Amino acid sequence: RLTNRSAHAALGSVQAKLGEARKAVKSYKETMALLKEKHGDQPQIDVAFILKSLGDAYRSLGRYQKSIKSLEASLAINKQVQGDQPNLL
């Protein structure tokens, strides 16, 4: 079932591949807002995945501090959800 969350995430992914990082950031932020509505502050792997994508988009824009913040948050959630298991991101 397609949800607004997955549609925004897919849109962000395509925008990033087209080199439209600003648009991708907007789409990923919209995805994050929808995920927060669904999960609250509970760590979820889909949140970690979107944070990683957001970090990549920020890196493309040269916004390295925001990239680091997003990527570190992604890694922290990934560790909370998966522990010491192999990384699925």
# chains A, B, ... in the order shown; residues from 1 in each chain; ligands from 1
$ residues_around --residues "range 54-64 of chain A" --least-positions-apart "2" --cutoff "8 Å" --atoms "only C-alpha atoms" --output "PyMOL selection string"
chain A and resi 16+21-22+24-25+28-29+50-52+66-71
$ write_last_selection --atoms "N, CA and C atoms" --output "CSV table (one decimal), in the first residue's frame"
chain,number,residue,atom,x,y,z
A,16,ALA,N,16.9,13.7,-5.6
A,16,ALA,CA,18.4,13.6,-5.3
A,16,ALA,C,19.2,13.0,-6.5
A,21,ALA,N,19.0,18.6,-5.0
A,21,ALA,CA,19.1,18.3,-3.6
A,21,ALA,C,18.2,19.2,-2.7
A,22,ARG,N,18.0,20.4,-3.1
A,22,ARG,CA,17.1,21.3,-2.3
A,22,ARG,C,15.7,20.7,-2.2
A,24,ALA,N,15.0,17.6,-2.8
A,24,ALA,CA,15.1,16.3,-2.0
A,24,ALA,C,15.0,16.6,-0.5
A,25,VAL,N,15.7,17.6,-0.1
A,25,VAL,CA,15.7,17.9,1.4
A,25,VAL,C,14.2,18.2,1.8
A,28,TYR,N,12.3,14.9,1.9
A,28,TYR,CA,12.7,14.1,3.1
A,28,TYR,C,12.2,14.7,4.4
A,29,LYS,N,12.2,16.0,4.5
A,29,LYS,CA,11.6,16.7,5.7
A,29,LYS,C,10.1,16.4,5.8
A,50,ILE,N,15.5,7.5,6.3
A,50,ILE,CA,15.2,8.9,5.7
A,50,ILE,C,16.3,9.9,6.3
A,51,LEU,N,16.7,9.7,7.5
A,51,LEU,CA,17.8,10.6,8.0
A,51,LEU,C,19.1,10.4,7.2
A,52,LYS,N,19.4,9.2,6.9
A,52,LYS,CA,20.6,9.0,6.0
A,52,LYS,C,20.4,9.7,4.7
A,66,LYS,N,24.9,20.1,8.9
A,66,LYS,CA,23.5,19.4,8.9
A,66,LYS,C,23.6,18.0,8.4
A,67,SER,N,24.5,17.7,7.4
A,67,SER,CA,24.7,16.4,7.0
A,67,SER,C,25.2,15.5,8.1
A,68,ILE,N,26.2,15.9,8.8
A,68,ILE,CA,26.8,15.2,10.0
A,68,ILE,C,25.7,14.9,11.0
A,69,LYS,N,24.9,15.9,11.3
A,69,LYS,CA,23.8,15.8,12.3
A,69,LYS,C,22.8,14.7,11.9
A,70,SER,N,22.4,14.8,10.6
A,70,SER,CA,21.4,13.8,10.1
A,70,SER,C,22.0,12.4,10.1
A,71,LEU,N,23.3,12.3,9.6
A,71,LEU,CA,23.9,11.0,9.6
A,71,LEU,C,24.2,10.4,10.9
$ residues_around --residues "range 4-11 of chain A" --least-positions-apart "6" --cutoff "7 Å" --atoms "only C-alpha atoms" --output "ChimeraX atom specification"
/A:27-28,30-31,34-35
$ select_by_dssp --residues "chain A" --states "helix (DSSP H, G or I)" --output "MDAnalysis selection string"
chainID A and resid 4:17 21:39 45:60 64:82
$ atom_distance --atom1 "CA of Ser13 in chain A" --atom2 "CA of Leu75 in chain A"
19.2 Å
$ closest_residue --among "A:Lys23, A:Asn78, A:Leu18, A:Glu72" --to "Asp46 in chain A" --atoms "only C-alpha atoms"
A:Asn78
$ closest_residue --among "A:Gly83, A:Lys17, A:Gln65, A:Met32" --to "Val47 in chain A" --atoms "only C-alpha atoms"
A:Met32
$ closest_residue --among "A:Ile77, A:Ser53, A:Glu20, A:Thr3" --to "Asp41 in chain A" --atoms "only C-alpha atoms"
A:Ile77
$ atom_distance --atom1 "CA of Ala33 in chain A" --atom2 "CA of Phe49 in chain A"
13.9 Å
